[in-house]
Structures are given as structure tokens and as C-alpha cells.
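Comments concern the structure below.
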Amino acid sequence: MTTLLYTHQVCFDHITPPGHPEQVARLEAIETALSTPHFQSLIRPEPPVASLDHVRLGHSRAYFERIENAQPVEGWAQLDGDTFMAPGSFEAALRAIGGNIDAVDRVMAGEAHNAFIACRPPGHHAEKATPMGFCLFSTVAIAAIHAANTHGLDRVAVLDFDVHHGNGTQDVLWHESRVRFVSSHQMPLYPGSGGIHQKGAFGQVLNLPLKSGTGGAEMRDAWDRVLTDEIEPYNPQLVLVSAGFDAHTRDPLANLHWETNDFAWLAHRICDLADKCCDGRVVSSLEGGYDLEALGDSVGAYINVMMERGA
């Protein structure tokens with residue numbers, strides 16, 4: 001078995017204004033971290049462009065056309081206070097979706113053990129009808145619905161450890177009984193959602209708000225408890241991960257104090273769950289992470305575990 005890594009040159013064409021934290025340099029840092037001989041065994045398929053039908057799993061046709069038409073010919077189009085599009089942004093977002101969908105299909109087919117999609121823009125803040133938080137489409141939620149529809153799954157787990165609440169994923173999956181969504185996140189913090197009272201239409205949403213200053217020990221306790229008590233009994237047939245690395249203690253946009261080895265622990269713990277429940281099937285997609293050195297180190301540590309567990 002192998003680990004798949006998806007990225008694409010067009011994701012470097014999603015250029016944001018100077019000083020914007022969600023910048024091209026994020027992928028450059030990841031690329032540098034994964035350029036050592038240790039990572040040469042990664043299988044690197046090209047992420048395909050998602051279709052309108054794929055996007056409509058999470059958004060309306062009108063929303064798709066709104067985002068498509070907003071893309072500028074040059075410079076930037078601003079969709080909200082911090083969400084921008086450049087001439088390459090629309091294709092980049094579609095390839096992020098396409099990479100997730102292709103990874104789901106290959107992992108479900110047994111062609112690979114697990115996968116990591118290193119594409120941008122991220123997706124977990126994009127609601128059904130609202131681009132926000134650097135995100136255009138709800139990438140991982142779309143992949144989860146695709147998995148349920150295409151592969152006949154009725155127990156898909158989506159785990160989100162980004163420092164910000166995955167409000168877009170929650171919005172898209174609110175009425176989706178076949179997917180259980182768990183998000184840990186600093187609270188209070190952008191976007192302001194993610195309270196424990198938000199449970200989804202079927203009680204399938206579980207939010208884990210963490211206080212400012214929470215470190216790795218408390219994070220491990222919270223995630224170990226929810227995976228043991230809630231997700232393992234759910235017995236998921238596939239595990240999808242919104243892998244944000246902005247809970248790192250060096251990240252400038254939040255105030256949690258996780259270290260690089262905490263992300264390696266998360267990878268091990270997620271793989272433990274997947275090994276018990278679904279033959280190790282895990283598909284992870286890049287979300288946040290804005291300190292470049294911490295991002296490269298943390299993604300490298302996370303993928304290293306995925307490679308070890310998928311060998």
C-alpha cells in the first residue's frame with residue numbers, strides 16, 4: 001500500500017494580496033519540507049478539475065456560477081473581508097475538490113492506503129452560499145458526500161483539527177445523516193461558531209471548543225476521548241480529515257500551543273481509529289497553517305506518519 005500526495009501548479013496561481021496570510025509561500029514551505037529523499041516514495045497523482053456536478057454536492061449551481069464569474073482577468077477580486085480571487089483561483093479551488101474526490105475513489109478502491117491533498121485555497125469555512133475565511137468551496141464536505149453517494153457509504157467521519165471552527169463543513173453537512181463531523185477549535189475565535197450546542201439535524205455534529213492557551217496535552221486528551229467514545233463506536237467506513245496546522249504555538253492567527261509532535265500524534269491516533277474501523281482508509285486535506293516553518297515541519301511530520309502507517 002502507498003500514500004498519495006496531491007498538489008498542482010495552478011494552486012501556486014491562487015495569489016493573494018501582499019501580506020495576506022493565506023499565501024503561495026505556504027505551498028512552497030510544504031514543497032520544501034517534502035523534497036527530501038525520505039518523501040520520494042510518495043505517489044503524486046495530478047488532481048483533476050472537479051465538475052459542476054461535484055461542486056453541486058455542496059453548493060447550488062447559482063453559487064458555482066457566482067464564484068466562476070467573480071474570478072478576475074488580472075489583479076484581485078475581493079469576495080469578503082479576507083477572501084480574494086486571482087486569475088488562477090477558480091481552477092485551483094476546483095482541483096482541490098478534484099484531488100479529494102480522486103483520493104477518495106483510489107483509497108476506496110484499495111489503490112492506496114491513505115492520501116494527503118496539499119492544495120489551496122482551503123475549504124472548511126465556505127458555507128453553502130457564502131465564500132469566507134479564505135475559502136471558496138466546501139472541499140472536504142463535498143468529498144464526504146461524494147464518498148457516500150458513489151461508494152454506498154452510510155458512515156463517513158470528517159475530523160477537523162484546524163484552529164478555527166469548520167463552519168462551512170458544518171453548514172454543508174448539517175442535514176447529512178451519513179456523515180459525522182467533529183471539529184476542535186479555539187474559542188472564542190473567528191468565525192465565532194462551533195459551540196457545543198450546535199449538533200446538526202441528526203445529532204451528528206460534535207464541536208470541541210478549546211480555550212485560548214490550550215496545549216498539546218489537553219488537545220490529546222480531548223481528541224482521544226472523542227475518538228474512543230464517539231467515533232470508534234460509530235465504526236466509520238472512511239475517515240476524512242480537514243488538516244489545519246494553525247493550532248501550532250508559533251502560528252500568528254491564533255493562540256493554541258500545540259507543537260509539531262502533536263500533529264504527528266494526531267496522525268497516529270487517526271490511523272489507529274481507521275485501522276480498527278475501515279482498513280486504514282484516511283484522506284486528509286490541507287486547511288490552515290500560517291507560520292511557514294511550523295507549517296512545513298508539521299505537514300512533514302503528519303505525512304511521515306501516514307507513510308509509515310500505509311507501508
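By convention here, the chains of the C-alpha cells are called A, B, ... in the order presented, each chain's residues are numbered starting at 1, and ligands are numbered starting at 1 in the order presented.
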Quick one: contact table of stretch 157-227 of chain A to stretch 287-295 of chain A, 9 Å max, nearest atom pair and distance in Å to one decimal per residue, counting only C-alpha atoms, chain and number order, as JSON lines?
{"residue": "A:Asp162", "atom": "CA", "partner": "A:Gly288", "partner_atom": "CA", "distance": 6.3}
{"residue": "A:Val163", "atom": "CA", "partner": "A:Gly288", "partner_atom": "CA", "distance": 7.9}
{"residue": "A:His164", "atom": "CA", "partner": "A:Gly288", "partner_atom": "CA", "distance": 8.4}
Output for the residues just chosen: N, CA and C atoms as a short mmCIF file (atom, residue, chain, number, x, y, z; two decimals), in the first residue's frame:
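For reference, part-v5.cif as written:
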data_model
loop_
_atom_site.label_atom_id
_atom_site.label_comp_id
_atom_site.auth_asym_id
_atom_site.auth_seq_id
_atom_site.Cartn_x
_atom_site.Cartn_y
_atom_site.Cartn_z
N ASP A 162 -8.20 21.97 12.58
CA ASP A 162 -7.79 23.34 12.34
C ASP A 162 -8.13 24.19 13.57
N VAL A 163 -7.35 25.25 13.81
CA VAL A 163 -7.59 26.07 14.99
C VAL A 163 -8.90 26.85 14.91
N HIS A 164 -9.43 27.03 13.70
CA HIS A 164 -10.70 27.73 13.51
C HIS A 164 -11.81 26.72 13.26
#
- Neighbours of A:Phe90 within 9 Å (only C-alpha atoms; same-chain residues fewer than 4 positions away dropped), as a list in words? His14, Ile67, Glu68, Ala70, Gln71, Met85, Ala86, Leu94, Arg95 and Leu136 of chain A
Output file for the residues above (N, CA and C atoms, as a PDB file, in the first residue's frame):
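Result saved to result.pdb:
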ATOM      1  N   HIS A  14      -3.054  30.783  -7.306  1.00  0.00           N
ATOM      2  CA  HIS A  14      -4.039  31.420  -6.419  1.00  0.00           C
ATOM      3  C   HIS A  14      -3.252  32.427  -5.568  1.00  0.00           C
ATOM      4  N   ILE A  67     -19.148  32.238  -8.159  1.00  0.00           N
ATOM      5  CA  ILE A  67     -17.705  32.176  -7.919  1.00  0.00           C
ATOM      6  C   ILE A  67     -16.942  32.182  -9.244  1.00  0.00           C
ATOM      7  N   GLU A  68     -17.433  31.440 -10.220  1.00  0.00           N
ATOM      8  CA  GLU A  68     -16.786  31.407 -11.528  1.00  0.00           C
ATOM      9  C   GLU A  68     -16.731  32.804 -12.140  1.00  0.00           C
ATOM     10  N   ALA A  70     -16.838  35.630 -10.629  1.00  0.00           N
ATOM     11  CA  ALA A  70     -16.100  36.595  -9.809  1.00  0.00           C
ATOM     12  C   ALA A  70     -14.611  36.594 -10.100  1.00  0.00           C
ATOM     13  N   GLN A  71     -14.122  35.552 -10.744  1.00  0.00           N
ATOM     14  CA  GLN A  71     -12.676  35.459 -10.981  1.00  0.00           C
ATOM     15  C   GLN A  71     -12.224  36.592 -11.904  1.00  0.00           C
ATOM     16  N   MET A  85      -9.845  36.371  -4.868  1.00  0.00           N
ATOM     17  CA  MET A  85      -9.603  35.527  -6.034  1.00  0.00           C
ATOM     18  C   MET A  85      -8.639  36.227  -6.971  1.00  0.00           C
ATOM     19  N   ALA A  86      -7.745  35.439  -7.554  1.00  0.00           N
ATOM     20  CA  ALA A  86      -6.843  35.872  -8.608  1.00  0.00           C
ATOM     21  C   ALA A  86      -7.211  35.108  -9.871  1.00  0.00           C
ATOM     22  N   LEU A  94     -11.174  24.201  -7.798  1.00  0.00           N
ATOM     23  CA  LEU A  94     -11.759  23.002  -8.400  1.00  0.00           C
ATOM     24  C   LEU A  94     -10.800  21.818  -8.335  1.00  0.00           C
ATOM     25  N   ARG A  95      -9.506  22.081  -8.459  1.00  0.00           N
ATOM     26  CA  ARG A  95      -8.533  20.976  -8.352  1.00  0.00           C
ATOM     27  C   ARG A  95      -8.397  20.494  -6.913  1.00  0.00           C
ATOM     28  N   LEU A 136     -13.391  29.158  -0.893  1.00  0.00           N
ATOM     29  CA  LEU A 136     -14.368  29.330  -1.961  1.00  0.00           C
ATOM     30  C   LEU A 136     -15.418  28.225  -1.983  1.00  0.00           C
TER      31      LEU A 136
END
Between A:Val172, A:Cys271, A:Leu34, A:Val107, smallest distance to A:Gly58 by only C-alpha atoms belongs to A:Val172
If we count only C-alpha atoms, what is near A:Glu91 at a cut-off of 9 Å, once residues fewer than 6 positions away on the same chain are taken out, given as a compact mmCIF listing (two decimals) with C-alpha atoms, in the first residue's frame?
# COMPACT_ATOMS: atom_id res chain seq x y z
CA VAL A 10 -2.29 26.10 -10.50
CA CYS A 11 -2.53 26.16 -6.69
CA HIS A 14 -4.04 31.42 -6.42
CA VAL A 49 -10.62 19.55 -12.14
CA ALA A 50 -13.88 18.93 -10.30
| message | List as a VMD selection string the protein and nucleic acid residues near A:Leu79, meaning an atom at most 9 Å away when only C-alpha atoms are counted, but skip any in the same chain fewer than 2 places from it. | response | chain A and resid 67 70 77 81 to 85 131 to 132
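Across the model, the gap from atom CA of A:Ala217 to atom CA of A:His248 is 13.1 Å.
Between A:Gln23 and the residues A:Phe134, A:Tyr63, A:Phe116, A:Trp174, the shortest atom-to-atom distance, using only C-alpha atoms, involves A:Phe134.
Between atom CA of A:His113 and atom CA of A:Thr2 lies a distance of 5.5 Å.
When only C-alpha atoms are used to measure the gap to A:Tyr190, the shortest distance among A:Val104, A:Ala254, A:Ala157, A:Val239 belongs to A:Ala254.
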